[in-house]
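Peer 1: This structure is in structure tokens; I'll ask about it shortly.
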Amino acid sequence: MNEAPLDAHLIGIVRRPPRWYPLAVMLLAAVAAWGVYAWTVQYRIGLGVTGLHNRVPWGFYIINFVFLIGISHAGTLVSAILRITGAEWRRPITRMAEVITVVALMTGAAMVVVDMGRPDRLLNVVRYGFGRLSSPIIWDVLSVSTYLMGSLIYLYIPLIPDLALLYQRLGPDAPRWQRWLYRVLAMGWQGTPRQRARLERVLAIMAVLIIPIAVSVHTVVSFVFSMTLRVGWHSSIFGPYFVVGAIFSGIAGIILAMAVFRRIYRLHAWITDDHFRKLGWLLLALNLIYLYFTFSEYLTIGYQPDEAEAVLLQLLFSGAYGRLFWLMVIGGLVTPALLIVLPSVPSLRRLAAVPVLRPVPVALAAASVAGSIFLFRLLGIPGPTAALPIWLNWEFLQWPLLGLAAVLVISLIPILQARPVTSLVIASILITVGMWLKRYLIVVPSLAVAQTPIEAIGYRPTWVEWSILAGTFAGFALLYLVFSRVFPIISLWEVREAHEAGTAEPSGGRDRPLRAAEAAP
Amino acid sequence: MSTPRLVAILITMVAVLAAAPSPVGAAQQVRVVVSGHGFDPPIVEVTEGELVELTLVYGDDPNGEDNPHIIVIEGLGIESPVLSLSNPQATLRFTAERSGRLRFKCVAYCHGHDRLQEGYVNVRPPTAAGSAQAAAAATALQLVAAPPEAPGAMAALRAQLTSAGLPVEGVIVRFDQQATLVKTGWTPIGRVRTDDRGVARLEYRPFGDALKVQVRAVFEGTVRYGPTQAAAAVDLPGLATWWKPPAAVHIPVIGIGLLWAVLAGVWLTFGYTLYQVFTLPEREVEVPGTRHKRYYP
């Protein structure tokens, strides 16, 4: 059998990882270890070292939990929904998406244990929880563990043919543990018709099964909030709102993973701009649905003649959380939508011809103004009595600065327009950060609003929580990176199958797959 | 008698006098005036292990507008009543158990609130001569536990701390209940400060699934008073039953059964899938050089 170039390329990565690999692993492991250290501090001293207290008992840990469970929906969407709907272009990215699911679920579930303060309290869930099935937290435990099991199976099954291939191709000079691992996990795969038929069957079953499980998982995560009588949580929209948000952030996550792996492992021939374009449209669709849900949610809250709800809206729109809220809406929802649409508006190219909008001079101007204002603030803002021109004060200067920033953004439009993938990756980064902020804005302000006649108290995370946050994301990246070193990060057999059937063009352009499909008998 | 011996005897006498528990009521008195201009004085000094009587005096203009204050001492959980024109004086009694600094501040919305955020009680260790030879006085703790009247109701614990027959006021008594989860141990259920009769009371809901619950009261000791503890048992009239929230949705027959059935269906499908995977191998191949047979191509 010929070794297809993709096989050779990916097996090459498994045989000899890139030179930067050990360094990256060490760096990520160091950050993750710091997070573990912070956790041991919390374990020794107690949850008192965090910023959590009896008024705001949920903070970074639960935000991370909801965020990571959301990211985990990447695998379900790309792998299961696109498999069932017969979207052939999904093939090179299914594996990446499935790994995101498993890794995100593992780190997300760990967040709950961290939040409990003591790991042995997990036993309480089993001991007391199952006598109390009316608690949404128990539904959460049941559905997340079911989803994790299902995702592991769903990651493993399509891996089997690739493991057999790896075992065959790996020379005898490969480490013993690696050969042993592939041999045991390959389950005697030979690619006989019976085995292929069976694999296809179980894959189809799991693809159908995993979708309702995934939907149930994020619905139940939303129930943990919406089944309470808290301000801003007790809302019937929360189920679909969370599911859409999860798939939304999941797609942004898979786009980021694709961009990173494409660059670090040089996979440009298999993960093409076309994949980004198609996922970009999916991302845009969910972006708009999410914007609509956000609008609908707050309008409903705003029409309730309830004082606590009014306090919550005030906190979110103009109060203590106002900056974060508008950063989330403008930076995490509106700007990404514009960035995705940008490459499809050809008339915007004319902006490049406007002399005022040359990006380099504008950037220099903005940077120098911002720099001088920063210095200005550092040295102290002079009062009106100082012997300085009257316009030289922060309140006035922020407006020209904002204007310059807007001009800078406009001047970048033609540049981003010529680079749709870069534009999409920037949008995905903004969405990922924005969706984390959104979860912060769901969890914290609702708890901070006083529902008893006591003054409202805020939440200020401590270094322990920041460290565990950093450690969690480093751990996530570390597990992902190690997986990509030990197993092929693209499903080899699925890509080869499509190649042989002529349904997908590895380096295809915009409408090549369609033509190829038409050409096939 | 030589001068050094005289000095030694004098030091010993001073030390013994310092170490002896002072009679109840002989507290260290400190006074702080609270007004919109701040605390006066902002820092007071007390000695570790002594009972402190902190008297707060309303210091705003008696003919002006009422400017009420509420003062709390951080870390002790002590809060004063409202200081106002109609209640111009309040006294907080507590024992400064550890040397260090205790912060007190105003938590009411008053004029000058920002100036009433930094008051300190400096707790200094006893003098060197005293602490070198100080022996903490022996204490005794009596614990009485009143069982709950009905299953799931509150039990009342009453601990009285005495030293040489006299009540010990203003110190913390911790209450624990014995609990079993993996192993048996004491889990804290509350910390209460003793009153002027040396009594600390706690009402709590016994937990666990035994009909007899072991509780104890622990006094960890201060510089002046030695540690002690006492145990007691609470007989419960029955076990608490789960409170069933009155949810609006009831599915009488299938209800929970449906949930379990769906879950079981999903996990059985997982099992079926894994069974299919584990039966993938088709022929056995001998591993060269070993007696083992492996399934693989």
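In the structure tokens, the first chain shown is A, the next is B, and so on; residue numbers restart at 1 for each chain, and ligands run from 1 in the order shown.
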Taking only C-alpha atoms into account, report as a list in words which residues of chain A lie within 6 Å of chain B.
Peer 2: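 Close to chain B, chain A has Met187, Gly188, Gln190 and Val202 of chain A.
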Peer 1: Output N, CA and C atoms of each residue in that selection to a file, as a PDB file, in the first residue's frame.
Peer 2:
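Final output, out-v6.pdb:
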ATOM      1  N   MET A 187      -6.714  -3.107  18.927  1.00  0.00           N
ATOM      2  CA  MET A 187      -7.761  -4.131  18.974  1.00  0.00           C
ATOM      3  C   MET A 187      -7.706  -5.060  17.755  1.00  0.00           C
ATOM      4  N   GLY A 188      -6.511  -5.374  17.304  1.00  0.00           N
ATOM      5  CA  GLY A 188      -6.400  -6.323  16.200  1.00  0.00           C
ATOM      6  C   GLY A 188      -7.045  -5.839  14.922  1.00  0.00           C
ATOM      7  N   GLN A 190      -7.519  -4.954  11.237  1.00  0.00           N
ATOM      8  CA  GLN A 190      -6.879  -5.315   9.982  1.00  0.00           C
ATOM      9  C   GLN A 190      -7.554  -4.645   8.802  1.00  0.00           C
ATOM     10  N   VAL A 202     -20.922   1.235  14.749  1.00  0.00           N
ATOM     11  CA  VAL A 202     -20.844   1.797  16.102  1.00  0.00           C
ATOM     12  C   VAL A 202     -20.601   3.309  16.050  1.00  0.00           C
TER      13      VAL A 202
END
Peer 1: Please run DSSP on the backbone and report, as a ChimeraX atom specification, all residues within range 22-217 of chain A that come out as helix (DSSP H, G or I).
Peer 2: /A:22-45,47-49,60-71,73-84,88-116,119-129,136-169,176-186,193-217
Peer 1: The selected residues should be written to file as a short mmCIF file (atom, residue, chain, number, x, y, z; two decimals), in the first residue's frame (atoms: C-alpha atoms).
Peer 2:
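Saved result, selection_3.cif, follows:
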data_model
loop_
_atom_site.label_atom_id
_atom_site.label_comp_id
_atom_site.auth_asym_id
_atom_site.auth_seq_id
_atom_site.Cartn_x
_atom_site.Cartn_y
_atom_site.Cartn_z
CA PRO A 22 9.96 19.55 24.90
CA LEU A 23 10.30 23.26 25.66
CA ALA A 24 6.56 23.85 25.14
CA VAL A 25 5.71 20.86 27.33
CA MET A 26 8.03 22.10 30.08
CA LEU A 27 6.59 25.60 29.98
CA LEU A 28 2.99 24.39 30.12
CA ALA A 29 3.84 21.83 32.79
CA ALA A 30 5.47 24.56 34.89
CA VAL A 31 2.35 26.74 34.74
CA ALA A 32 0.13 23.74 35.45
CA ALA A 33 2.36 22.78 38.39
CA TRP A 34 2.02 26.30 39.76
CA GLY A 35 -1.76 25.87 39.55
CA VAL A 36 -1.48 22.56 41.42
CA TYR A 37 0.64 24.27 44.07
CA ALA A 38 -2.03 26.95 44.48
CA TRP A 39 -4.57 24.18 44.86
CA THR A 40 -2.52 22.51 47.60
CA VAL A 41 -2.46 25.85 49.42
CA GLN A 42 -6.23 25.97 49.17
CA TYR A 43 -6.45 22.34 50.28
CA ARG A 44 -4.27 22.94 53.34
CA ILE A 45 -5.79 26.22 54.50
CA LEU A 47 -11.52 27.88 50.72
CA GLY A 48 -10.86 30.97 52.85
CA VAL A 49 -7.79 31.66 50.72
CA PHE A 60 -13.67 31.46 38.96
CA TYR A 61 -14.05 27.71 39.44
CA ILE A 62 -17.69 27.52 38.42
CA ILE A 63 -17.09 30.05 35.63
CA ASN A 64 -14.30 27.82 34.32
CA PHE A 65 -16.53 24.77 34.67
CA VAL A 66 -19.31 26.31 32.57
CA PHE A 67 -16.77 27.70 30.08
CA LEU A 68 -14.93 24.39 29.63
CA ILE A 69 -18.12 22.35 29.36
CA GLY A 70 -19.13 24.86 26.69
CA ILE A 71 -15.87 24.45 24.76
CA HIS A 73 -19.32 21.01 22.52
CA ALA A 74 -16.83 21.54 19.67
CA GLY A 75 -16.37 17.82 19.24
CA THR A 76 -20.05 17.05 19.22
CA LEU A 77 -20.81 19.65 16.63
CA VAL A 78 -17.94 19.09 14.21
CA SER A 79 -17.73 15.38 14.62
CA ALA A 80 -21.27 14.18 15.25
CA ILE A 81 -23.59 16.76 13.71
CA LEU A 82 -21.44 17.21 10.62
CA ARG A 83 -20.98 13.45 10.30
CA ILE A 84 -24.71 12.84 10.39
CA GLU A 88 -17.55 15.70 3.90
CA TRP A 89 -15.26 18.63 4.53
CA ARG A 90 -15.31 17.90 8.26
CA ARG A 91 -12.95 14.91 7.89
CA PRO A 92 -9.53 16.48 8.62
CA ILE A 93 -10.80 18.34 11.69
CA THR A 94 -12.92 15.72 13.46
CA ARG A 95 -10.10 14.34 15.58
CA MET A 96 -9.04 17.79 16.84
CA ALA A 97 -12.61 18.54 17.81
CA GLU A 98 -13.10 15.23 19.60
CA VAL A 99 -9.92 15.75 21.62
CA ILE A 100 -11.09 19.22 22.65
CA THR A 101 -14.25 17.59 23.97
CA VAL A 102 -12.48 15.01 26.10
CA VAL A 103 -9.79 17.36 27.45
CA ALA A 104 -12.27 20.15 28.18
CA LEU A 105 -14.59 17.76 30.02
CA MET A 106 -11.75 16.40 32.13
CA THR A 107 -10.47 19.85 33.13
CA GLY A 108 -14.03 21.14 33.56
CA ALA A 109 -15.04 18.31 35.87
CA ALA A 110 -11.85 18.88 37.88
CA MET A 111 -13.01 22.47 38.46
CA VAL A 112 -16.01 21.20 40.41
CA VAL A 113 -13.74 19.21 42.71
CA VAL A 114 -11.57 22.31 43.21
CA ASP A 115 -14.67 24.33 44.01
CA MET A 116 -15.77 21.83 46.64
CA PRO A 119 -11.88 16.26 47.15
CA ASP A 120 -13.43 13.83 49.63
CA ARG A 121 -16.62 15.90 49.46
CA LEU A 122 -17.23 14.20 46.11
CA LEU A 123 -18.28 11.22 48.23
CA ASN A 124 -21.05 13.36 49.68
CA VAL A 125 -22.51 13.68 46.20
CA VAL A 126 -22.74 9.92 45.97
CA ARG A 127 -23.74 9.43 49.56
CA TYR A 128 -26.41 12.09 49.95
CA GLY A 129 -27.00 13.25 46.40
CA PRO A 136 -30.14 19.82 39.46
CA ILE A 137 -26.58 19.40 40.72
CA ILE A 138 -27.13 15.63 40.71
CA TRP A 139 -28.48 15.81 37.15
CA ASP A 140 -25.30 17.67 36.34
CA VAL A 141 -23.10 14.95 37.78
CA LEU A 142 -25.04 12.27 35.92
CA SER A 143 -25.05 13.99 32.55
CA VAL A 144 -21.45 15.25 32.64
CA SER A 145 -20.12 11.81 33.55
CA THR A 146 -22.26 10.24 30.82
CA TYR A 147 -21.00 12.79 28.32
CA LEU A 148 -17.37 12.20 29.33
CA MET A 149 -17.76 8.44 28.89
CA GLY A 150 -19.53 8.87 25.56
CA SER A 151 -16.90 11.33 24.31
CA LEU A 152 -14.06 9.01 25.28
CA ILE A 153 -15.69 6.17 23.33
CA TYR A 154 -16.41 8.52 20.46
CA LEU A 155 -12.78 9.67 20.39
CA TYR A 156 -11.46 6.13 20.65
CA ILE A 157 -13.49 4.32 17.99
CA PRO A 158 -12.29 6.36 14.97
CA LEU A 159 -8.77 6.16 16.40
CA ILE A 160 -8.58 2.36 16.07
CA PRO A 161 -7.62 2.12 12.34
CA ASP A 162 -5.03 4.85 12.82
CA LEU A 163 -3.54 3.03 15.81
CA ALA A 164 -3.15 -0.16 13.75
CA LEU A 165 -1.47 1.88 11.02
CA LEU A 166 0.84 3.54 13.54
CA TYR A 167 1.78 0.16 14.99
CA GLN A 168 2.66 -1.13 11.53
CA ARG A 169 4.63 1.90 10.44
CA ARG A 176 8.60 -0.16 23.67
CA TRP A 177 5.80 1.63 25.54
CA GLN A 178 4.68 3.32 22.37
CA ARG A 179 4.51 0.09 20.36
CA TRP A 180 2.76 -1.65 23.25
CA LEU A 181 0.24 1.19 23.54
CA TYR A 182 -0.66 1.13 19.86
CA ARG A 183 -0.83 -2.66 19.69
CA VAL A 184 -3.13 -2.98 22.68
CA LEU A 185 -5.39 -0.09 21.66
CA ALA A 186 -5.57 -1.15 17.99
CA PRO A 193 -14.84 -5.68 5.47
CA ARG A 194 -16.43 -7.10 8.61
CA GLN A 195 -14.36 -4.84 10.85
CA ARG A 196 -15.02 -1.79 8.68
CA ALA A 197 -18.75 -2.43 8.67
CA ARG A 198 -18.76 -2.83 12.41
CA LEU A 199 -16.73 0.33 12.95
CA GLU A 200 -19.06 2.32 10.75
CA ARG A 201 -22.05 0.97 12.62
CA VAL A 202 -20.84 1.80 16.10
CA LEU A 203 -19.66 5.21 14.90
CA ALA A 204 -23.12 5.93 13.54
CA ILE A 205 -24.73 4.83 16.81
CA MET A 206 -22.42 6.98 18.88
CA ALA A 207 -22.80 9.98 16.56
CA VAL A 208 -26.57 9.84 16.98
CA LEU A 209 -26.38 9.19 20.71
CA ILE A 210 -23.82 11.87 21.57
CA ILE A 211 -25.88 14.78 20.21
CA PRO A 212 -28.80 14.53 22.66
CA ILE A 213 -26.33 13.84 25.47
CA ALA A 214 -24.39 17.00 24.61
CA VAL A 215 -27.56 19.06 24.44
CA SER A 216 -28.71 17.61 27.77
CA VAL A 217 -25.36 18.39 29.39
#
Peer 1: Just the strand (DSSP E) stuff from range 14-169 of chain B, please, per backbone DSSP, written as a PyMOL selection string.
Peer 2: chain B and resi 28-35+38-40+43-47+51-58+71-73+78-79+89-95+100-106+119-124+140-146+155-163+166-167
Peer 1: Keeping C-alpha atoms, export the residues of the selection given above as an mmCIF file, in the first residue's frame.
Peer 2:
data_model
loop_
_atom_site.group_PDB
_atom_site.id
_atom_site.type_symbol
_atom_site.label_atom_id
_atom_site.label_comp_id
_atom_site.auth_asym_id
_atom_site.auth_seq_id
_atom_site.Cartn_x
_atom_site.Cartn_y
_atom_site.Cartn_z
ATOM 1 C CA GLN B 28 -8.592 46.249 80.954
ATOM 2 C CA GLN B 29 -10.616 49.338 80.259
ATOM 3 C CA VAL B 30 -10.083 51.238 77.043
ATOM 4 C CA ARG B 31 -12.171 54.076 75.707
ATOM 5 C CA VAL B 32 -12.525 55.275 72.133
ATOM 6 C CA VAL B 33 -14.516 58.282 70.962
ATOM 7 C CA VAL B 34 -16.241 57.671 67.628
ATOM 8 C CA SER B 35 -17.150 60.663 65.498
ATOM 9 C CA GLY B 38 -12.393 59.499 63.101
ATOM 10 C CA PHE B 39 -11.495 57.404 66.108
ATOM 11 C CA ASP B 40 -9.910 59.045 69.123
ATOM 12 C CA ILE B 43 -4.924 52.851 68.325
ATOM 13 C CA VAL B 44 -5.407 51.330 71.777
ATOM 14 C CA GLU B 45 -3.086 48.906 73.515
ATOM 15 C CA VAL B 46 -4.052 45.852 75.554
ATOM 16 C CA THR B 47 -2.241 42.839 76.934
ATOM 17 C CA LEU B 51 -10.348 40.517 79.298
ATOM 18 C CA VAL B 52 -10.840 43.824 77.490
ATOM 19 C CA GLU B 53 -13.654 46.286 77.976
ATOM 20 C CA LEU B 54 -13.728 48.565 74.941
ATOM 21 C CA THR B 55 -16.064 51.469 75.606
ATOM 22 C CA LEU B 56 -17.226 53.322 72.503
ATOM 23 C CA VAL B 57 -18.508 56.843 72.963
ATOM 24 C CA TYR B 58 -20.589 58.782 70.441
ATOM 25 C CA ILE B 71 -18.438 49.381 65.042
ATOM 26 C CA VAL B 72 -17.210 45.853 64.319
ATOM 27 C CA ILE B 73 -13.962 44.210 65.353
ATOM 28 C CA ILE B 78 -18.087 41.328 67.478
ATOM 29 C CA GLU B 79 -20.460 44.094 66.500
ATOM 30 C CA GLN B 89 -22.243 54.709 74.670
ATOM 31 C CA ALA B 90 -21.633 50.973 74.091
ATOM 32 C CA THR B 91 -19.210 48.528 75.627
ATOM 33 C CA LEU B 92 -17.671 45.547 73.850
ATOM 34 C CA ARG B 93 -16.207 42.830 76.059
ATOM 35 C CA PHE B 94 -13.798 40.260 74.667
ATOM 36 C CA THR B 95 -10.549 38.532 75.501
ATOM 37 C CA GLY B 100 -1.034 41.016 67.157
ATOM 38 C CA ARG B 101 -3.318 43.684 65.805
ATOM 39 C CA LEU B 102 -7.123 43.705 65.653
ATOM 40 C CA ARG B 103 -8.801 46.168 63.338
ATOM 41 C CA PHE B 104 -12.068 47.856 64.145
ATOM 42 C CA LYS B 105 -14.157 49.934 61.783
ATOM 43 C CA CYS B 106 -17.575 51.437 61.234
ATOM 44 C CA GLY B 119 -8.925 51.699 64.278
ATOM 45 C CA TYR B 120 -6.607 49.194 65.868
ATOM 46 C CA VAL B 121 -6.344 47.244 69.104
ATOM 47 C CA ASN B 122 -2.677 46.381 69.530
ATOM 48 C CA VAL B 123 -2.492 43.183 71.529
ATOM 49 C CA ARG B 124 0.927 42.929 73.163
ATOM 50 C CA ALA B 140 -12.863 23.227 83.748
ATOM 51 C CA LEU B 141 -15.574 22.871 81.134
ATOM 52 C CA GLN B 142 -19.085 21.540 81.691
ATOM 53 C CA LEU B 143 -21.101 20.538 78.657
ATOM 54 C CA VAL B 144 -24.867 19.963 78.783
ATOM 55 C CA ALA B 145 -26.664 18.881 75.626
ATOM 56 C CA ALA B 146 -30.433 19.156 75.299
ATOM 57 C CA ALA B 155 -30.357 20.556 69.700
ATOM 58 C CA ALA B 156 -29.136 23.021 72.334
ATOM 59 C CA LEU B 157 -25.585 22.854 73.664
ATOM 60 C CA ARG B 158 -24.531 24.754 76.772
ATOM 61 C CA ALA B 159 -20.907 24.860 77.864
ATOM 62 C CA GLN B 160 -19.716 26.606 81.007
ATOM 63 C CA LEU B 161 -16.052 27.454 81.413
ATOM 64 C CA THR B 162 -14.701 28.082 84.885
ATOM 65 C CA SER B 163 -11.318 28.562 86.428
ATOM 66 C CA LEU B 166 -14.916 31.539 88.801
ATOM 67 C CA PRO B 167 -16.482 31.950 85.323
#
Peer 1: Excluding Val171 in chain B and its own-chain neighbours fewer than 2 positions away, which residues fall within 9 Å of it when counting only C-alpha atoms? Please give them as a list in words.
Peer 2: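 In the requested format, the answer is Leu51, Phe94, Thr95, Ala96, Glu97, Val168, Glu169, Val173, Val192, Arg193, Thr194, Asp195, Gly198, Phe219, Gly221 and Thr222 of chain B.
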Peer 1: Using C-alpha atoms, can you write the selected residues to a file as an mmCIF file, in the first residue's frame?
Peer 2:
data_model
loop_
_atom_site.group_PDB
_atom_site.id
_atom_site.type_symbol
_atom_site.label_atom_id
_atom_site.label_comp_id
_atom_site.auth_asym_id
_atom_site.auth_seq_id
_atom_site.Cartn_x
_atom_site.Cartn_y
_atom_site.Cartn_z
ATOM 1 C CA LEU B 51 -10.348 40.517 79.298
ATOM 2 C CA PHE B 94 -13.798 40.260 74.667
ATOM 3 C CA THR B 95 -10.549 38.532 75.501
ATOM 4 C CA ALA B 96 -7.521 39.371 73.391
ATOM 5 C CA GLU B 97 -6.427 35.795 72.852
ATOM 6 C CA VAL B 168 -14.141 32.761 82.411
ATOM 7 C CA GLU B 169 -15.636 35.470 80.292
ATOM 8 C CA VAL B 173 -15.421 27.810 72.986
ATOM 9 C CA VAL B 192 -19.200 30.861 70.590
ATOM 10 C CA ARG B 193 -17.831 33.502 72.979
ATOM 11 C CA THR B 194 -18.528 32.973 76.675
ATOM 12 C CA ASP B 195 -20.722 35.488 78.456
ATOM 13 C CA GLY B 198 -18.638 31.844 81.403
ATOM 14 C CA PHE B 219 -11.493 25.509 74.878
ATOM 15 C CA GLY B 221 -6.629 27.948 75.985
ATOM 16 C CA THR B 222 -5.129 31.415 76.129
#
Peer 1: Need the shell around Phe207 in chain B: protein/DNA/RNA residues with any atom at most 10 Å away, counting only C-alpha atoms. Skip same-chain ones fewer than 2 positions apart. Format as a list in words?
Peer 2: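 My list of contacting residues is Gly152, Gln177, Gln178, Ala179, Tyr204, Arg205, Asp209, Ala210, Leu211, Val213, Leu239 and Ala240 of chain B.
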Peer 1: Could you turn the residues from that selection into a file that holds N, CA and C atoms, as a short mmCIF file (atom, residue, chain, number, x, y, z; two decimals), in the first residue's frame?
Peer 2:
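part.cif, freshly written:
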data_model
loop_
_atom_site.label_atom_id
_atom_site.label_comp_id
_atom_site.auth_asym_id
_atom_site.auth_seq_id
_atom_site.Cartn_x
_atom_site.Cartn_y
_atom_site.Cartn_z
N GLY B 152 -35.04 16.13 63.26
CA GLY B 152 -34.66 17.23 62.38
C GLY B 152 -34.68 18.58 63.04
N GLN B 177 -18.95 18.08 66.41
CA GLN B 177 -19.74 16.85 66.44
C GLN B 177 -18.92 15.75 65.80
N GLN B 178 -19.08 14.53 66.35
CA GLN B 178 -18.38 13.41 65.74
C GLN B 178 -19.10 13.02 64.46
N ALA B 179 -18.33 12.82 63.40
CA ALA B 179 -18.94 12.46 62.12
C ALA B 179 -18.10 11.40 61.46
N TYR B 204 -27.96 23.89 67.24
CA TYR B 204 -27.56 23.38 65.92
C TYR B 204 -28.39 22.16 65.60
N ARG B 205 -28.37 21.79 64.31
CA ARG B 205 -29.14 20.64 63.84
C ARG B 205 -28.20 19.45 63.74
N ASP B 209 -26.35 9.76 60.30
CA ASP B 209 -27.45 8.81 60.31
C ASP B 209 -27.42 7.91 61.53
N ALA B 210 -26.88 8.40 62.64
CA ALA B 210 -26.91 7.62 63.89
C ALA B 210 -27.93 8.27 64.83
N LEU B 211 -28.49 7.46 65.72
CA LEU B 211 -29.51 7.98 66.64
C LEU B 211 -28.87 8.58 67.88
N VAL B 213 -25.59 10.95 68.95
CA VAL B 213 -24.56 11.80 68.37
C VAL B 213 -23.62 12.26 69.46
N LEU B 239 -34.51 10.20 62.99
CA LEU B 239 -33.68 10.82 61.95
C LEU B 239 -34.52 11.78 61.12
N ALA B 240 -33.85 12.85 60.67
CA ALA B 240 -34.55 13.82 59.82
C ALA B 240 -34.82 13.19 58.46
#
